[in-house]
Every structure is written in structure tokens, then in C-alpha cells.
>>> print(open('input12.pdb').read())   # PDB, C-alpha atoms
ATOM      1  CA  MET A  24      92.201  53.809  52.618
ATOM      2  CA  ILE A  25      92.856  57.123  50.904
ATOM      3  CA  ILE A  26      92.903  55.458  47.499
ATOM      4  CA  ALA A  27      89.596  53.663  48.209
ATOM      5  CA  GLY A  28      88.001  56.962  49.274
ATOM      6  CA  LEU A  29      89.244  58.636  46.098
ATOM      7  CA  ILE A  30      87.815  55.864  43.916
ATOM      8  CA  ALA A  31      84.422  56.112  45.675
ATOM      9  CA  GLY A  32      84.422  59.887  45.238
ATOM     10  CA  VAL A  33      85.260  59.632  41.559
ATOM     11  CA  ALA A  34      82.527  56.972  41.054
ATOM     12  CA  PHE A  35      79.916  59.157  42.802
ATOM     13  CA  ALA A  36      80.937  62.231  40.777
ATOM     14  CA  ALA A  37      80.824  60.230  37.534
ATOM     15  CA  ASN A  38      77.400  58.870  38.398
ATOM     16  CA  SER A  39      75.999  62.351  39.158
ATOM     17  CA  TYR A  40      77.537  63.705  35.981
ATOM     18  CA  ALA A  41      75.983  60.890  33.936
ATOM     19  CA  GLN A  42      72.578  61.626  35.464
ATOM     20  CA  GLN A  43      72.900  65.341  34.742
ATOM     21  CA  ALA A  44      73.958  64.592  31.188
ATOM     22  CA  SER A  45      70.908  62.351  30.567
ATOM     23  CA  LEU A  46      68.482  65.133  31.497
ATOM     24  CA  VAL A  47      66.826  67.002  28.682
ATOM     25  CA  GLU A  48      66.458  70.757  28.840
ATOM     26  CA  ASP A  49      64.509  71.978  31.881
ATOM     27  CA  GLN A  50      63.858  68.428  33.116
ATOM     28  CA  ASN A  51      63.461  67.987  36.843
ATOM     29  CA  PRO A  52      66.590  66.188  38.120
ATOM     30  CA  ARG A  53      64.449  64.212  40.598
ATOM     31  CA  TYR A  54      62.274  62.679  37.879
ATOM     32  CA  GLU A  55      63.617  59.204  38.713
ATOM     33  CA  ILE A  56      61.637  59.179  41.968
ATOM     34  CA  ALA A  57      58.317  59.673  40.181
ATOM     35  CA  LYS A  58      59.336  57.255  37.459
ATOM     36  CA  ALA A  59      60.127  54.509  39.980
ATOM     37  CA  LYS A  60      56.792  55.103  41.719
ATOM     38  CA  TYR A  61      54.659  54.824  38.576
ATOM     39  CA  MET A  62      56.631  52.108  36.804
ATOM     40  CA  ASN A  63      55.317  49.583  39.342
ATOM     41  CA  MET A  64      51.646  50.460  38.982
ATOM     42  CA  SER A  65      51.243  51.447  35.356
ATOM     43  CA  ASP A  66      49.621  48.084  34.544
ATOM     44  CA  SER A  67      46.822  48.457  37.067
ATOM     45  CA  LEU A  68      46.291  52.137  36.282
ATOM     46  CA  THR A  69      45.905  51.647  32.542
ATOM     47  CA  ARG A  70      43.927  48.394  32.597
ATOM     48  CA  ASP A  71      40.548  50.139  32.332
ATOM     49  CA  GLN A  72      41.514  52.522  29.540
ATOM     50  CA  GLY A  73      38.785  52.842  26.946
ATOM     51  CA  THR A  74      36.038  51.834  29.382
ATOM     52  CA  THR A  75      33.396  53.725  31.355
ATOM     53  CA  VAL A  76      33.671  53.832  35.123
ATOM     54  CA  GLN A  77      30.140  53.817  36.572
ATOM     55  CA  ASN A  78      29.943  56.183  39.534
ATOM     56  CA  THR A  79      26.200  56.689  39.273
ATOM     57  CA  TYR A  80      23.957  58.127  41.972
ATOM     58  CA  LYS A  81      20.243  57.681  42.696
ATOM     59  CA  ALA A  82      18.348  60.804  41.772
ATOM     60  CA  TYR A  83      15.188  61.622  43.726
ATOM     61  CA  ASP A  84      12.142  61.388  41.511
ATOM     62  CA  TRP A  85       8.859  62.308  43.208
ATOM     63  CA  TYR A  86       6.745  60.159  40.880
ATOM     64  CA  GLU A  87       8.999  57.101  41.086
ATOM     65  CA  ALA A  88       9.291  57.464  44.855
ATOM     66  CA  ARG A  89       5.497  57.475  45.150
ATOM     67  CA  GLU A  90       5.232  54.356  42.966
ATOM     68  CA  GLU A  91       7.855  52.619  45.112
ATOM     69  CA  ARG A  92       6.005  53.564  48.313
ATOM     70  CA  ARG A  93       2.765  52.167  46.878
ATOM     71  CA  LYS A  94       4.433  48.957  45.804
ATOM     72  CA  LEU A  95       5.984  48.475  49.238
ATOM     73  CA  ARG A  96       2.626  49.120  50.935
ATOM     74  CA  ARG A  97       0.889  46.594  48.701
ATOM     75  CA  GLU A  98       3.558  43.990  49.426
ATOM     76  CA  ARG A  99       3.358  44.661  53.161
ATOM     77  CA  ASN A 100      -0.429  44.347  53.179
ATOM     78  CA  TYR A 101      -0.241  41.122  51.208
ATOM     79  CA  GLU A 102       2.310  39.685  53.657
ATOM     80  CA  ARG A 103       0.104  40.718  56.565
ATOM     81  CA  SER A 104      -2.947  39.084  55.055
ATOM     82  CA  LEU A 105      -0.978  35.859  54.664
ATOM     83  CA  TYR A 106       0.395  35.571  58.163
ATOM     84  CA  SER A 107      -2.035  37.434  60.425
ATOM     85  CA  TYR A 108      -4.825  35.665  62.317
ATOM     86  CA  PRO A 109      -8.400  36.451  61.409
ATOM     87  CA  TYR A 110     -10.181  39.101  63.422
ATOM     88  CA  TYR A 111     -13.699  40.357  63.716
ATOM     89  CA  GLY A 112     -13.384  42.992  61.046
ATOM     90  CA  ASN A 113     -12.123  40.414  58.623
ATOM     91  CA  SER A 114     -14.700  39.120  56.205
ATOM     92  CA  TYR A 115     -13.176  35.683  56.473
ATOM     93  CA  TYR A 116     -14.108  35.518  60.126
ATOM     94  CA  TYR A 117     -17.286  33.878  61.158
ATOM     95  CA  PRO A 118     -18.325  33.149  64.729
ATOM     96  CA  SER A 119     -18.328  29.521  65.685
ATOM     97  CA  LEU A 120     -18.271  27.483  68.795
ATOM     98  CA  ASN A 121     -14.821  26.151  69.479
ATOM     99  CA  PHE A 122     -12.788  25.130  72.453
ATOM    100  CA  GLY A 123      -9.789  27.427  72.334
ATOM    101  CA  TRP A 124      -8.996  26.717  68.732
ATOM    102  CA  GLY A 125      -9.664  29.082  65.873
ATOM    103  CA  HIS A 126     -10.917  28.048  62.519
ATOM    104  CA  ARG A 127      -8.766  27.077  59.581
ATOM    105  CA  HIS A 128      -7.473  30.168  57.775
ATOM    106  CA  ASN A 129      -4.965  30.264  54.948
ATOM    107  CA  ASN A 130      -4.190  26.620  55.533
ATOM    108  CA  ARG A 131      -3.221  27.247  59.184
ATOM    109  CA  TRP A 132      -5.049  26.570  62.391
ATOM    110  CA  GLY A 133      -5.225  29.836  64.261
ATOM    111  CA  TYR A 134      -5.285  29.980  68.020
ATOM    112  CA  TYR A 135      -6.490  33.041  69.754
ATOM    113  CA  GLY A 136      -6.573  33.078  73.494
ATOM    114  CA  GLY A 137      -7.857  30.477  75.860
ATOM    115  CA  GLY A 138     -11.451  29.714  76.692
ATOM    116  CA  PHE A 139     -14.374  29.663  74.383
ATOM    117  CA  GLY A 140     -14.575  31.661  71.223
ATOM    118  CA  TRP A 141     -17.736  32.662  69.366
TER     119      TRP A 141
ATOM    120  CA  MET B  11     -29.803  29.051  14.628
ATOM    121  CA  GLN B  12     -28.906  32.380  13.050
ATOM    122  CA  PHE B  13     -28.326  33.916  16.479
ATOM    123  CA  LYS B  14     -25.981  31.077  17.456
ATOM    124  CA  LYS B  15     -23.898  31.679  14.326
ATOM    125  CA  ILE B  16     -23.582  35.398  15.062
ATOM    126  CA  LEU B  17     -22.589  34.618  18.622
ATOM    127  CA  THR B  18     -19.836  32.226  17.471
ATOM    128  CA  LEU B  19     -18.467  34.772  15.008
ATOM    129  CA  ALA B  20     -18.508  37.488  17.661
ATOM    130  CA  ALA B  21     -16.669  35.207  20.087
ATOM    131  CA  ILE B  22     -13.986  34.466  17.461
ATOM    132  CA  ALA B  23     -13.607  38.171  16.669
ATOM    133  CA  VAL B  24     -13.295  39.139  20.341
ATOM    134  CA  SER B  25     -10.768  36.374  21.086
ATOM    135  CA  GLY B  26      -8.750  37.433  18.015
ATOM    136  CA  LEU B  27      -8.719  40.997  19.251
ATOM    137  CA  VAL B  28      -7.617  39.918  22.726
ATOM    138  CA  ILE B  29      -4.823  37.718  21.363
ATOM    139  CA  SER B  30      -3.530  40.413  18.998
ATOM    140  CA  SER B  31      -3.593  43.066  21.733
ATOM    141  CA  CYS B  32      -1.493  40.857  24.028
ATOM    142  CA  SER B  33       1.166  39.945  21.465
ATOM    143  CA  ARG B  34       4.360  42.012  21.294
ATOM    144  CA  GLN B  35       4.867  44.214  18.289
ATOM    145  CA  VAL B  36       8.352  45.065  17.012
ATOM    146  CA  THR B  37       8.935  47.716  14.381
ATOM    147  CA  ARG B  38      12.338  48.398  12.869
ATOM    148  CA  ILE B  39      13.261  52.069  12.892
ATOM    149  CA  ASN B  40      16.082  54.079  11.421
ATOM    150  CA  THR B  41      19.025  54.551  13.788
ATOM    151  CA  THR B  42      18.876  58.266  13.075
ATOM    152  CA  ASP B  43      15.218  58.565  14.151
ATOM    153  CA  THR B  44      14.565  60.075  17.539
ATOM    154  CA  VAL B  45      12.090  58.100  19.623
ATOM    155  CA  ASP B  46      11.808  59.187  23.251
ATOM    156  CA  VAL B  47      10.026  56.578  25.349
ATOM    157  CA  SER B  48      10.903  57.104  28.996
ATOM    158  CA  GLY B  49      13.026  60.245  28.995
ATOM    159  CA  ASN B  50      16.109  58.247  29.952
ATOM    160  CA  TRP B  51      19.399  58.326  28.071
ATOM    161  CA  ASN B  52      18.888  56.741  24.655
ATOM    162  CA  ASN B  53      20.480  56.176  21.248
ATOM    163  CA  SER B  54      19.577  59.667  20.017
ATOM    164  CA  ASP B  55      21.483  61.261  22.913
ATOM    165  CA  SER B  56      24.503  59.094  22.170
ATOM    166  CA  ARG B  57      24.336  59.965  18.480
ATOM    167  CA  MET B  58      24.072  63.703  19.173
ATOM    168  CA  VAL B  59      27.087  63.554  21.504
ATOM    169  CA  ALA B  60      29.097  61.644  18.909
ATOM    170  CA  GLN B  61      28.263  64.140  16.145
ATOM    171  CA  GLU B  62      29.101  67.154  18.288
ATOM    172  CA  MET B  63      32.370  65.697  19.608
ATOM    173  CA  THR B  64      33.566  64.445  16.237
ATOM    174  CA  GLN B  65      32.985  67.806  14.573
ATOM    175  CA  SER B  66      34.555  69.696  17.439
ATOM    176  CA  VAL B  67      37.687  67.591  17.932
ATOM    177  CA  LEU B  68      38.612  67.459  14.260
ATOM    178  CA  GLY B  69      37.914  71.156  13.696
ATOM    179  CA  ALA B  70      39.716  72.479  16.782
ATOM    180  CA  LYS B  71      43.000  74.365  16.822
ATOM    181  CA  TRP B  72      45.015  71.739  18.716
ATOM    182  CA  LEU B  73      45.393  69.684  15.521
ATOM    183  CA  SER B  74      46.911  72.448  13.409
ATOM    184  CA  THR B  75      49.093  73.553  16.330
ATOM    185  CA  HIS B  76      50.441  70.029  16.707
ATOM    186  CA  LEU B  77      51.093  69.633  12.979
ATOM    187  CA  GLU B  78      52.978  72.949  12.918
ATOM    188  CA  SER B  79      55.118  72.225  15.966
ATOM    189  CA  LYS B  80      55.927  68.630  14.939
ATOM    190  CA  ALA B  81      56.725  69.356  11.302
ATOM    191  CA  GLY B  82      53.547  67.781   9.925
ATOM    192  CA  LYS B  83      53.768  64.616  12.017
ATOM    193  CA  LYS B  84      50.255  63.378  12.857
ATOM    194  CA  PRO B  85      49.277  63.272  16.536
ATOM    195  CA  VAL B  86      48.891  59.860  18.190
ATOM    196  CA  VAL B  87      45.929  59.492  20.567
ATOM    197  CA  VAL B  88      45.027  56.835  23.137
ATOM    198  CA  VAL B  89      41.549  56.636  24.673
ATOM    199  CA  GLY B  90      41.557  56.744  28.462
ATOM    200  CA  LEU B  91      38.782  56.508  31.038
ATOM    201  CA  VAL B  92      35.333  58.043  30.902
ATOM    202  CA  GLN B  93      33.657  58.554  34.268
ATOM    203  CA  ASN B  94      29.895  58.276  34.377
ATOM    204  CA  LYS B  95      28.816  60.372  37.366
ATOM    205  CA  SER B  96      25.207  60.724  36.217
ATOM    206  CA  HIS B  97      22.110  59.052  37.719
ATOM    207  CA  GLU B  98      21.781  56.541  34.852
ATOM    208  CA  HIS B  99      23.863  53.696  33.558
ATOM    209  CA  ILE B 100      25.523  55.043  30.414
ATOM    210  CA  ASP B 101      28.240  53.332  28.419
ATOM    211  CA  ALA B 102      30.418  55.976  26.800
ATOM    212  CA  GLU B 103      31.737  53.499  24.251
ATOM    213  CA  THR B 104      28.651  54.148  22.100
ATOM    214  CA  PHE B 105      29.839  57.666  21.310
ATOM    215  CA  VAL B 106      33.598  57.415  21.990
ATOM    216  CA  LYS B 107      33.815  54.706  19.327
ATOM    217  CA  ASP B 108      32.328  57.157  16.809
ATOM    218  CA  VAL B 109      35.003  59.697  17.697
ATOM    219  CA  GLU B 110      37.700  57.024  17.290
ATOM    220  CA  GLN B 111      36.220  56.057  13.937
ATOM    221  CA  ALA B 112      36.361  59.686  12.824
ATOM    222  CA  PHE B 113      40.060  59.847  13.805
ATOM    223  CA  VAL B 114      40.871  56.812  11.708
ATOM    224  CA  GLN B 115      38.674  57.701   8.729
ATOM    225  CA  SER B 116      39.855  61.302   8.528
ATOM    226  CA  GLU B 117      43.500  60.083   8.487
ATOM    227  CA  ARG B 118      44.475  63.225  10.382
ATOM    228  CA  VAL B 119      44.901  61.609  13.793
ATOM    229  CA  ARG B 120      46.537  58.267  14.567
ATOM    230  CA  LEU B 121      44.977  56.025  17.171
ATOM    231  CA  VAL B 122      46.673  53.461  19.414
ATOM    232  CA  GLN B 123      45.057  50.795  21.552
ATOM    233  CA  GLY B 124      45.008  51.077  25.308
ATOM    234  CA  GLY B 125      43.697  49.071  28.252
ATOM    235  CA  LYS B 126      42.740  45.438  27.875
ATOM    236  CA  LYS B 127      43.056  45.443  24.098
ATOM    237  CA  ARG B 128      46.667  46.577  24.397
ATOM    238  CA  GLU B 129      47.293  43.847  26.997
ATOM    239  CA  GLU B 130      45.903  41.315  24.534
ATOM    240  CA  LEU B 131      48.179  42.638  21.790
ATOM    241  CA  ARG B 132      51.218  42.304  24.029
ATOM    242  CA  ALA B 133      50.149  38.802  25.017
ATOM    243  CA  GLU B 134      49.854  37.889  21.340
ATOM    244  CA  LYS B 135      53.331  39.312  20.730
ATOM    245  CA  ALA B 136      54.664  37.244  23.625
ATOM    246  CA  ASP B 137      53.031  34.141  22.172
ATOM    247  CA  GLN B 138      54.652  34.814  18.799
ATOM    248  CA  GLN B 139      58.109  34.806  20.416
ATOM    249  CA  ASP B 140      57.687  31.065  20.988
ATOM    250  CA  ASN B 141      55.386  29.986  18.203
ATOM    251  CA  ALA B 142      55.714  32.196  15.112
ATOM    252  CA  SER B 143      58.348  31.831  12.439
ATOM    253  CA  VAL B 144      61.285  34.216  12.868
ATOM    254  CA  SER B 145      60.443  36.199   9.736
ATOM    255  CA  THR B 146      56.845  36.891  10.867
ATOM    256  CA  MET B 147      57.450  37.321  14.597
ATOM    257  CA  LYS B 148      56.629  40.827  15.865
ATOM    258  CA  LYS B 149      59.134  42.544  18.101
ATOM    259  CA  PHE B 150      58.588  44.159  21.491
ATOM    260  CA  GLY B 151      59.476  47.794  22.031
ATOM    261  CA  LEU B 152      58.274  49.142  18.699
ATOM    262  CA  GLU B 153      54.825  50.420  19.697
ATOM    263  CA  ASN B 154      53.731  53.954  18.860
ATOM    264  CA  GLY B 155      53.760  56.089  21.996
ATOM    265  CA  ALA B 156      50.680  58.288  22.320
ATOM    266  CA  ASP B 157      51.045  62.075  22.299
ATOM    267  CA  TYR B 158      47.579  62.706  23.721
ATOM    268  CA  ILE B 159      45.053  60.937  25.910
ATOM    269  CA  LEU B 160      41.289  61.301  25.446
ATOM    270  CA  GLN B 161      39.374  61.271  28.740
ATOM    271  CA  GLY B 162      35.843  62.198  29.676
ATOM    272  CA  SER B 163      33.034  62.530  32.150
ATOM    273  CA  ILE B 164      29.232  62.373  32.153
ATOM    274  CA  ASN B 165      27.275  64.398  34.702
ATOM    275  CA  SER B 166      23.565  64.926  35.287
ATOM    276  CA  ILE B 167      21.115  67.055  37.232
ATOM    277  CA  VAL B 168      17.545  65.904  37.925
ATOM    278  CA  ASP B 169      14.857  68.319  39.056
ATOM    279  CA  SER B 170      11.523  66.667  39.735
ATOM    280  CA  HIS B 171       8.266  67.536  41.409
ATOM    281  CA  LYS B 172       5.073  65.498  41.289
ATOM    282  CA  ARG B 173       4.649  64.330  37.706
ATOM    283  CA  LYS B 174       7.086  66.789  36.121
ATOM    284  CA  LYS B 175      10.804  66.274  35.700
ATOM    285  CA  VAL B 176      13.689  68.046  33.998
ATOM    286  CA  VAL B 177      16.713  65.872  33.271
ATOM    287  CA  TYR B 178      19.974  67.504  32.273
ATOM    288  CA  HIS B 179      23.018  65.629  30.984
ATOM    289  CA  GLN B 180      26.416  67.114  30.332
ATOM    290  CA  VAL B 181      29.040  65.066  28.509
ATOM    291  CA  ASN B 182      32.625  66.300  28.430
ATOM    292  CA  LEU B 183      35.548  64.868  26.525
ATOM    293  CA  GLU B 184      39.022  66.298  26.854
ATOM    294  CA  LEU B 185      42.346  65.792  25.144
ATOM    295  CA  THR B 186      45.499  66.154  27.205
ATOM    296  CA  ASP B 187      49.137  66.317  26.116
ATOM    297  CA  ILE B 188      50.774  63.344  27.868
ATOM    298  CA  GLN B 189      54.214  64.996  27.980
ATOM    299  CA  THR B 190      53.136  68.283  29.522
ATOM    300  CA  ASN B 191      49.684  67.478  31.053
ATOM    301  CA  GLU B 192      48.350  70.455  29.141
ATOM    302  CA  VAL B 193      44.688  70.180  28.164
ATOM    303  CA  VAL B 194      44.569  71.069  24.474
ATOM    304  CA  TRP B 195      40.875  70.508  23.745
ATOM    305  CA  ILE B 196      37.608  70.204  25.687
ATOM    306  CA  GLY B 197      34.410  69.217  23.959
ATOM    307  CA  ASP B 198      31.004  69.287  25.545
ATOM    308  CA  LYS B 199      27.430  68.363  24.762
ATOM    309  CA  LYS B 200      24.537  69.435  26.935
ATOM    310  CA  ILE B 201      21.160  67.719  26.721
ATOM    311  CA  ALA B 202      18.040  68.764  28.632
ATOM    312  CA  LYS B 203      14.680  66.945  28.633
ATOM    313  CA  TYR B 204      11.325  67.830  30.121
ATOM    314  CA  VAL B 205       9.441  64.697  31.160
ATOM    315  CA  LYS B 206       5.803  64.676  32.253
ATOM    316  CA  ASN B 207       4.370  61.470  33.671
TER     317      ASN B 207
END
>>> encode(input="input12.pdb", output="C-alpha cells")
Amino acid sequence: MIIAGLIAGVAFAANSYAQQASLVEDQNPRYEIAKAKYMNMSDSLTRDQGTTVQNTYKAYDWYEAREERRKLRRERNYERSLYSYPYYGNSYYYPSLNFGWGHRHNNRWGYYGGGFGW
Amino acid sequence: MQFKKILTLAAIAVSGLVISSCSRQVTRINTTDTVDVSGNWNNSDSRMVAQEMTQSVLGAKWLSTHLESKAGKKPVVVVGLVQNKSHEHIDAETFVKDVEQAFVQSERVRLVQGGKKREELRAEKADQQDNASVSTMKKFGLENGADYILQGSINSIVDSHKRKKVVYHQVNLELTDIQTNEVVWIGDKKIAKYVKN
């Protein structure tokens, strides 16, 4: 038991001495911890070397914002004109006698309300 | 009869004018010419950054300091990441490659591959272990370790109101000692543009 303890002690001391001896001047003796941490991820961390990481942001530009607003409005109005039913203010509307059914508009039969329309 | 002839000729002339005005026109220009079209980042900006950085990095003190401390041994540089934090898509390779070229051509700084190109080189070496003849097979573990890493960033500020806009770009490249993490050189190029729509 005593002999085994002595051998373990000697082995531990020899190991620590070897580690101390491998250090260069002023080197942190705990460098192995950092080394072990980065050895496992060096591949993924250096894969993108020599490339440009794009972390761009959208800058506010008054002129561009106005153009975008206009474009959206035009698109919205176009969509509305496609899917909305005709109304009195619409130039496409013309009064006609029908029995609950509207006239054909944009290739659809519109229906507005019951009863007679004019 | 005469009137009909004039009318035909006029119609041909007008149609010719319409066709030519619609067709795309391409003119070759010199790569050193500055042509600003939209006010966005362009080839002239990239060229100006490359010129400034190349001059600065090769003329800075870090090079002579390194040569003195390492007994004339040339520094080895690897190119790291460049972060584009501006509002535009910019690929830094257009000007970083010029800096790399200056390193190689000046023969004062040695350059080693990094990233995917280095991976490819190692893969080729691995392939040679099985397929190349013994006398031509390249060995692992004999790469040149870099002394410095070149990293960078691109930033921008946009100030706009109504039809006026001022766009400011700042490009920074920096060289860091890999052993000590000490930054030995920082180069910058600032570009400002006034754009009126």
C-alpha cells in the first residue's frame, strides 16, 4: 500500500515537472485548458478565412422609401380593381335591369344584394 | 405620289430611331476610370481602398520591426475574415486580393493560404498519400505557420432627406500578431459621396 502510494506520488511529481519544463518563459501554466478548447473547433472557426461576412443593414432613404410606398399603392389599387365589384362611381358600371345579378365584370358575375338593381 | 414617298421615308426614319433608342448600348471603359452611376459602392471605391491599403501596409513600421526582431526573416501573413457591416453588399475580396498581390510581388511579406483553399490543399495532400509516387508525395506537418493575420471591417453611415443623400463608407484592415494578439498595423480608407436624386 505504502509502496503503491509512493509510486503514484513520484508519477504525479514527474508529470508536473515535465509540464513545467515544457513551458517557455512567462507562459501561462494553464495554457493546456485553452488549447484543448480551441483544438476541437479550429476547423469551423477558420473555414471562412479570406471571405467577407455580410452583416448588412437596411439604411433609411427618404427617396427610396417614397418610391416603395408609391409602388405598393399602385399594386394595391391594381389588386382592388381586379377583385372588387363595380360600383356607381366606377366608369365600368352602367345601370341595367337585372334580377339580383350584376353584370359581367372582369370575367366574373358580380352579385350585389337581393332584389332588383338598376 | 411624291408625298407618299416622303411619308414612307419618314416612317422608316422614325422606326429606325425608335429601334436604336430601345437597344442596349455597351461601351468598354478603362478600369481606372471613375464612373459614378447610382452612388452605390463601385469599382472605383474598391480600387481606391486597395491603393491606400497596399501603400500603407507595405510602408508601415511593423515590417521593419519584424525584420529587426526576427533577424531578417520575412513575416508570414494569413488573410482572415472581413466583416461587412455597411448597408450595401460589398465583397472585400476585390481589394483584399490587391493587397495580397502586393505582398507577393514586393517579396517582402510571405503569404499562406487560409480557409477553404487551405482545406483543399490538405485534401490534395491526403489524396497524394494514396495515389502519388513516394518521391513526389507531399508530407503533412510542413506548412508555414503564419505570424500575422489580416482582418477587416466595412462600416457605413447614410444621411438622407428628400432627394439628397450623403453616403459614408469606412474600410478598416488590421494586422495582428498571432502569438501575442498585438495589433501591429491598422489601415483605413474613408469615402464620402453626396447623391442628389
>>> resolve_selection(input="input12.pdb", expression="the PyMOL selection byres ((chain B and resi 92) around 6)", output="ChimeraX atom specification")
/A:75 /B:91,93,161-163
>>> interface_residues(input="input12.pdb", of="chain A", to="chain B", cutoff="7 Å", atoms="all atoms listed in the file", output="number ranges by chain")
A: 69-82, 84-86
>>> atom_distance(input="input12.pdb", atom1="CA of Ala59 (chain A)", atom2="CA of Ile188 (chain B)")
17.7 Å
>>> resolve_selection(input="input12.pdb", expression="the PyMOL selection byres ((chain B and resi 156) around 7)", output="number ranges by chain")
B: 86-88, 122, 154-155, 157-158
>>> atom_distance(input="input12.pdb", atom1="CA of Leu183 (chain B)", atom2="CA of Arg57 (chain B)")
14.6 Å
>>> resolve_selection(input="input12.pdb", expression="the PyMOL selection byres ((chain B and resi 70-75) around 10)", output="number ranges by chain")
B: 65-69, 76-80, 82, 84-85, 118-119, 185, 193-197
>>> atom_distance(input="input12.pdb", atom1="CA of Tyr106 (chain A)", atom2="CA of Arg92 (chain A)")
21.3 Å
>>> decode(input="input12.pdb", residues="region 176-198 of chain B", atoms="N, CA and C atoms", output="short mmCIF file (atom, residue, chain, number, x, y, z; two decimals), in the first residue's frame")
data_model
loop_
_atom_site.label_atom_id
_atom_site.label_comp_id
_atom_site.auth_asym_id
_atom_site.auth_seq_id
_atom_site.Cartn_x
_atom_site.Cartn_y
_atom_site.Cartn_z
N VAL B 176 -26.16 61.67 -48.24
CA VAL B 176 -24.71 61.58 -48.07
C VAL B 176 -24.40 60.17 -47.59
N VAL B 177 -23.57 59.47 -48.36
CA VAL B 177 -23.19 58.10 -48.01
C VAL B 177 -21.72 58.09 -47.62
N TYR B 178 -21.45 57.52 -46.46
CA TYR B 178 -20.08 57.47 -45.95
C TYR B 178 -19.69 56.01 -45.72
N HIS B 179 -18.55 55.63 -46.27
CA HIS B 179 -18.03 54.28 -46.08
C HIS B 179 -16.67 54.37 -45.37
N GLN B 180 -16.47 53.49 -44.44
CA GLN B 180 -15.15 53.41 -43.81
C GLN B 180 -14.68 51.96 -43.85
N VAL B 181 -13.55 51.75 -44.49
CA VAL B 181 -12.98 50.40 -44.59
C VAL B 181 -11.73 50.34 -43.72
N ASN B 182 -11.69 49.35 -42.86
CA ASN B 182 -10.52 49.16 -41.99
C ASN B 182 -9.92 47.78 -42.20
N LEU B 183 -8.62 47.74 -42.33
CA LEU B 183 -7.92 46.45 -42.33
C LEU B 183 -6.91 46.50 -41.20
N GLU B 184 -6.73 45.39 -40.52
CA GLU B 184 -5.76 45.39 -39.43
C GLU B 184 -4.95 44.10 -39.40
N LEU B 185 -3.73 44.24 -38.97
CA LEU B 185 -2.78 43.13 -38.93
C LEU B 185 -2.46 42.84 -37.47
N THR B 186 -2.68 41.59 -37.08
CA THR B 186 -2.48 41.24 -35.67
C THR B 186 -1.45 40.12 -35.53
N ASP B 187 -0.57 40.28 -34.55
CA ASP B 187 0.43 39.25 -34.25
C ASP B 187 -0.30 38.06 -33.63
N ILE B 188 -0.23 36.89 -34.27
CA ILE B 188 -0.98 35.73 -33.80
C ILE B 188 -0.46 35.23 -32.45
N GLN B 189 0.83 35.36 -32.20
CA GLN B 189 1.39 34.88 -30.93
C GLN B 189 0.95 35.73 -29.75
N THR B 190 0.95 37.05 -29.95
CA THR B 190 0.70 37.93 -28.80
C THR B 190 -0.65 38.65 -28.85
N ASN B 191 -1.38 38.54 -29.96
CA ASN B 191 -2.65 39.27 -30.18
C ASN B 191 -2.45 40.77 -30.30
N GLU B 192 -1.23 41.19 -30.45
CA GLU B 192 -0.95 42.62 -30.56
C GLU B 192 -1.25 43.11 -31.98
N VAL B 193 -2.02 44.19 -32.06
CA VAL B 193 -2.33 44.77 -33.37
C VAL B 193 -1.13 45.62 -33.79
N VAL B 194 -0.52 45.26 -34.91
CA VAL B 194 0.71 45.95 -35.31
C VAL B 194 0.49 46.99 -36.40
N TRP B 195 -0.68 46.89 -37.07
CA TRP B 195 -0.97 47.87 -38.13
C TRP B 195 -2.48 47.97 -38.34
N ILE B 196 -2.95 49.21 -38.52
CA ILE B 196 -4.37 49.43 -38.88
C ILE B 196 -4.38 50.39 -40.06
N GLY B 197 -5.02 49.96 -41.11
CA GLY B 197 -5.15 50.83 -42.29
C GLY B 197 -6.60 51.21 -42.47
N ASP B 198 -6.84 52.42 -42.92
CA ASP B 198 -8.23 52.81 -43.14
C ASP B 198 -8.39 53.64 -44.41
#
